[in-house]
Amino acid sequence: MPKDPALGRLGTEARSVKFPDGSRGVILVSAGIPQDEAEALAARVWAERAETGGDGRAERLTP
């Protein structure tokens, strides 16, 4: 991914993040959110998916 976040549609950015298990992924966040908040959101998504036994489909969460 580029060093600078890529602006997406409707005020979103794609961010490369590291999940608590060490895996990496890309999430969409609201434009302008600092990287540390994007990482925290990724950790929240990871924890919630682990608790609920997620089915692998993408979800929309609000910070």
# chains A, B, ... in the order shown; residues from 1 in each chain; ligands from 1

call {"tool": "residues_around", "arguments": {"residues": "segment 15-27 of chain A", "least_positions_apart": "6", "cutoff": "7 Å", "atoms": "only C-alpha atoms", "output": "VMD selection string"}}
result
chain A and resid 5 39 42 to 43 46

call {"tool": "atom_distance", "arguments": {"atom1": "atom CA of Glu13 of chain A", "atom2": "atom CA of Ser30 of chain A"}}
result
6.1 Å

call {"tool": "select_by_dssp", "arguments": {"residues": "segment 8-51 of chain A", "states": "strand (DSSP E or B)", "output": "JSON list (two decimals) with C-alpha atoms, in the first residue's frame"}}
result
[["chain", "number", "residue", "atom", "x", "y", "z"],
["A", 12, "THR", "CA", -13.34, 6.90, 3.31],
["A", 13, "GLU", "CA", -9.73, 5.74, 3.23],
["A", 14, "ALA", "CA", -8.24, 2.27, 2.88],
["A", 15, "ARG", "CA", -5.74, 1.57, 5.66],
["A", 16, "SER", "CA", -3.28, -1.24, 6.10],
["A", 17, "VAL", "CA", -3.53, -2.51, 9.69],
["A", 18, "LYS", "CA", -2.06, -5.24, 11.87],
["A", 24, "ARG", "CA", -2.28, -7.89, 8.35],
["A", 25, "GLY", "CA", -5.30, -6.60, 6.52],
["A", 26, "VAL", "CA", -6.92, -3.60, 4.90],
["A", 27, "ILE", "CA", -9.90, -1.81, 6.40],
["A", 28, "LEU", "CA", -11.92, 1.19, 5.29],
["A", 29, "VAL", "CA", -12.15, 4.04, 7.77],
["A", 30, "SER", "CA", -13.52, 7.57, 7.69]]

call {"tool": "decode", "arguments": {"residues": "segment 3-48 of chain A", "atoms": "N, CA and C atoms", "output": "mmCIF file, in the first residue's frame"}}
result
data_model
loop_
_atom_site.group_PDB
_atom_site.id
_atom_site.type_symbol
_atom_site.label_atom_id
_atom_site.label_comp_id
_atom_site.auth_asym_id
_atom_site.auth_seq_id
_atom_site.Cartn_x
_atom_site.Cartn_y
_atom_site.Cartn_z
ATOM 1 N N LYS A 3 2.366 4.877 1.127
ATOM 2 C CA LYS A 3 2.604 5.424 2.458
ATOM 3 C C LYS A 3 1.422 6.272 2.919
ATOM 4 N N ASP A 4 0.929 7.111 2.031
ATOM 5 C CA ASP A 4 -0.208 7.964 2.373
ATOM 6 C C ASP A 4 -1.501 7.212 2.121
ATOM 7 N N PRO A 5 -2.499 7.373 3.027
ATOM 8 C CA PRO A 5 -3.781 6.686 2.823
ATOM 9 C C PRO A 5 -4.411 7.104 1.496
ATOM 10 N N ALA A 6 -5.069 6.175 0.858
ATOM 11 C CA ALA A 6 -5.746 6.455 -0.403
ATOM 12 C C ALA A 6 -7.180 6.881 -0.125
ATOM 13 N N LEU A 7 -7.553 8.035 -0.634
ATOM 14 C CA LEU A 7 -8.932 8.484 -0.448
ATOM 15 C C LEU A 7 -9.867 7.636 -1.288
ATOM 16 N N GLY A 8 -10.944 7.231 -0.696
ATOM 17 C CA GLY A 8 -11.941 6.424 -1.380
ATOM 18 C C GLY A 8 -13.205 7.227 -1.636
ATOM 19 N N ARG A 9 -14.249 6.535 -1.877
ATOM 20 C CA ARG A 9 -15.525 7.167 -2.136
ATOM 21 C C ARG A 9 -16.178 7.606 -0.829
ATOM 22 N N LEU A 10 -16.895 8.685 -0.897
ATOM 23 C CA LEU A 10 -17.704 9.163 0.219
ATOM 24 C C LEU A 10 -16.921 9.370 1.509
ATOM 25 N N GLY A 11 -15.722 9.900 1.402
ATOM 26 C CA GLY A 11 -14.948 10.248 2.580
ATOM 27 C C GLY A 11 -14.344 9.094 3.341
ATOM 28 N N THR A 12 -13.985 8.029 2.646
ATOM 29 C CA THR A 12 -13.338 6.895 3.310
ATOM 30 C C THR A 12 -11.910 6.743 2.804
ATOM 31 N N GLU A 13 -11.106 6.058 3.604
ATOM 32 C CA GLU A 13 -9.730 5.740 3.232
ATOM 33 C C GLU A 13 -9.484 4.263 3.489
ATOM 34 N N ALA A 14 -8.676 3.646 2.648
ATOM 35 C CA ALA A 14 -8.238 2.267 2.879
ATOM 36 C C ALA A 14 -6.961 2.335 3.701
ATOM 37 N N ARG A 15 -6.921 1.581 4.799
ATOM 38 C CA ARG A 15 -5.743 1.574 5.663
ATOM 39 C C ARG A 15 -5.232 0.165 5.862
ATOM 40 N N SER A 16 -3.930 0.019 5.783
ATOM 41 C CA SER A 16 -3.280 -1.245 6.097
ATOM 42 C C SER A 16 -3.117 -1.288 7.611
ATOM 43 N N VAL A 17 -3.569 -2.388 8.231
ATOM 44 C CA VAL A 17 -3.526 -2.514 9.690
ATOM 45 C C VAL A 17 -2.980 -3.878 10.082
ATOM 46 N N LYS A 18 -2.544 -3.975 11.326
ATOM 47 C CA LYS A 18 -2.061 -5.236 11.872
ATOM 48 C C LYS A 18 -3.034 -5.662 12.968
ATOM 49 N N PHE A 19 -3.552 -6.893 12.848
ATOM 50 C CA PHE A 19 -4.488 -7.421 13.827
ATOM 51 C C PHE A 19 -3.730 -8.012 15.013
ATOM 52 N N PRO A 20 -4.401 -8.178 16.170
ATOM 53 C CA PRO A 20 -3.725 -8.689 17.370
ATOM 54 C C PRO A 20 -3.031 -10.037 17.192
ATOM 55 N N ASP A 21 -3.476 -10.862 16.256
ATOM 56 C CA ASP A 21 -2.824 -12.161 16.049
ATOM 57 C C ASP A 21 -1.599 -12.059 15.141
ATOM 58 N N GLY A 22 -1.253 -10.833 14.725
ATOM 59 C CA GLY A 22 -0.081 -10.609 13.886
ATOM 60 C C GLY A 22 -0.377 -10.575 12.400
ATOM 61 N N SER A 23 -1.582 -10.975 12.002
ATOM 62 C CA SER A 23 -1.929 -10.926 10.585
ATOM 63 C C SER A 23 -2.158 -9.474 10.166
ATOM 64 N N ARG A 24 -2.079 -9.243 8.878
ATOM 65 C CA ARG A 24 -2.280 -7.891 8.354
ATOM 66 C C ARG A 24 -3.521 -7.893 7.477
ATOM 67 N N GLY A 25 -4.112 -6.722 7.351
ATOM 68 C CA GLY A 25 -5.297 -6.601 6.522
ATOM 69 C C GLY A 25 -5.509 -5.158 6.114
ATOM 70 N N VAL A 26 -6.558 -4.938 5.358
ATOM 71 C CA VAL A 26 -6.924 -3.604 4.903
ATOM 72 C C VAL A 26 -8.344 -3.353 5.368
ATOM 73 N N ILE A 27 -8.557 -2.202 5.987
ATOM 74 C CA ILE A 27 -9.901 -1.814 6.404
ATOM 75 C C ILE A 27 -10.217 -0.444 5.826
ATOM 76 N N LEU A 28 -11.486 -0.142 5.705
ATOM 77 C CA LEU A 28 -11.916 1.192 5.290
ATOM 78 C C LEU A 28 -12.327 1.956 6.535
ATOM 79 N N VAL A 29 -11.824 3.177 6.640
ATOM 80 C CA VAL A 29 -12.147 4.040 7.768
ATOM 81 C C VAL A 29 -12.566 5.400 7.230
ATOM 82 N N SER A 30 -13.177 6.209 8.088
ATOM 83 C CA SER A 30 -13.523 7.571 7.695
ATOM 84 C C SER A 30 -12.245 8.346 7.399
ATOM 85 N N ALA A 31 -12.302 9.179 6.390
ATOM 86 C CA ALA A 31 -11.140 9.972 6.007
ATOM 87 C C ALA A 31 -10.676 10.828 7.179
ATOM 88 N N GLY A 32 -9.366 10.868 7.388
ATOM 89 C CA GLY A 32 -8.793 11.717 8.417
ATOM 90 C C GLY A 32 -8.560 11.047 9.757
ATOM 91 N N ILE A 33 -9.035 9.815 9.935
ATOM 92 C CA ILE A 33 -8.812 9.117 11.195
ATOM 93 C C ILE A 33 -7.322 8.775 11.305
ATOM 94 N N PRO A 34 -6.700 9.087 12.446
ATOM 95 C CA PRO A 34 -5.279 8.762 12.615
ATOM 96 C C PRO A 34 -5.032 7.251 12.545
ATOM 97 N N GLN A 35 -3.808 6.873 12.166
ATOM 98 C CA GLN A 35 -3.466 5.459 12.013
ATOM 99 C C GLN A 35 -3.662 4.687 13.310
ATOM 100 N N ASP A 36 -3.344 5.288 14.461
ATOM 101 C CA ASP A 36 -3.504 4.559 15.721
ATOM 102 C C ASP A 36 -4.965 4.236 16.005
ATOM 103 N N GLU A 37 -5.874 5.114 15.580
ATOM 104 C CA GLU A 37 -7.304 4.825 15.735
ATOM 105 C C GLU A 37 -7.745 3.728 14.769
ATOM 106 N N ALA A 38 -7.175 3.720 13.566
ATOM 107 C CA ALA A 38 -7.479 2.655 12.601
ATOM 108 C C ALA A 38 -7.009 1.309 13.150
ATOM 109 N N GLU A 39 -5.823 1.291 13.777
ATOM 110 C CA GLU A 39 -5.300 0.065 14.386
ATOM 111 C C GLU A 39 -6.209 -0.390 15.533
ATOM 112 N N ALA A 40 -6.689 0.562 16.347
ATOM 113 C CA ALA A 40 -7.582 0.232 17.459
ATOM 114 C C ALA A 40 -8.905 -0.327 16.938
ATOM 115 N N LEU A 41 -9.420 0.239 15.862
ATOM 116 C CA LEU A 41 -10.653 -0.266 15.263
ATOM 117 C C LEU A 41 -10.443 -1.673 14.720
ATOM 118 N N ALA A 42 -9.289 -1.922 14.105
ATOM 119 C CA ALA A 42 -8.985 -3.258 13.599
ATOM 120 C C ALA A 42 -8.937 -4.263 14.742
ATOM 121 N N ALA A 43 -8.354 -3.872 15.875
ATOM 122 C CA ALA A 43 -8.292 -4.765 17.040
ATOM 123 C C ALA A 43 -9.696 -5.048 17.561
ATOM 124 N N ARG A 44 -10.549 -4.039 17.549
ATOM 125 C CA ARG A 44 -11.946 -4.223 17.997
ATOM 126 C C ARG A 44 -12.680 -5.194 17.078
ATOM 127 N N VAL A 45 -12.528 -5.009 15.780
ATOM 128 C CA VAL A 45 -13.175 -5.906 14.815
ATOM 129 C C VAL A 45 -12.671 -7.332 15.022
ATOM 130 N N TRP A 46 -11.360 -7.492 15.170
ATOM 131 C CA TRP A 46 -10.763 -8.814 15.372
ATOM 132 C C TRP A 46 -11.330 -9.472 16.623
ATOM 133 N N ALA A 47 -11.415 -8.722 17.729
ATOM 134 C CA ALA A 47 -11.927 -9.273 18.989
ATOM 135 C C ALA A 47 -13.397 -9.670 18.870
ATOM 136 N N GLU A 48 -14.200 -8.826 18.219
ATOM 137 C CA GLU A 48 -15.620 -9.129 18.058
ATOM 138 C C GLU A 48 -15.831 -10.346 17.169
#
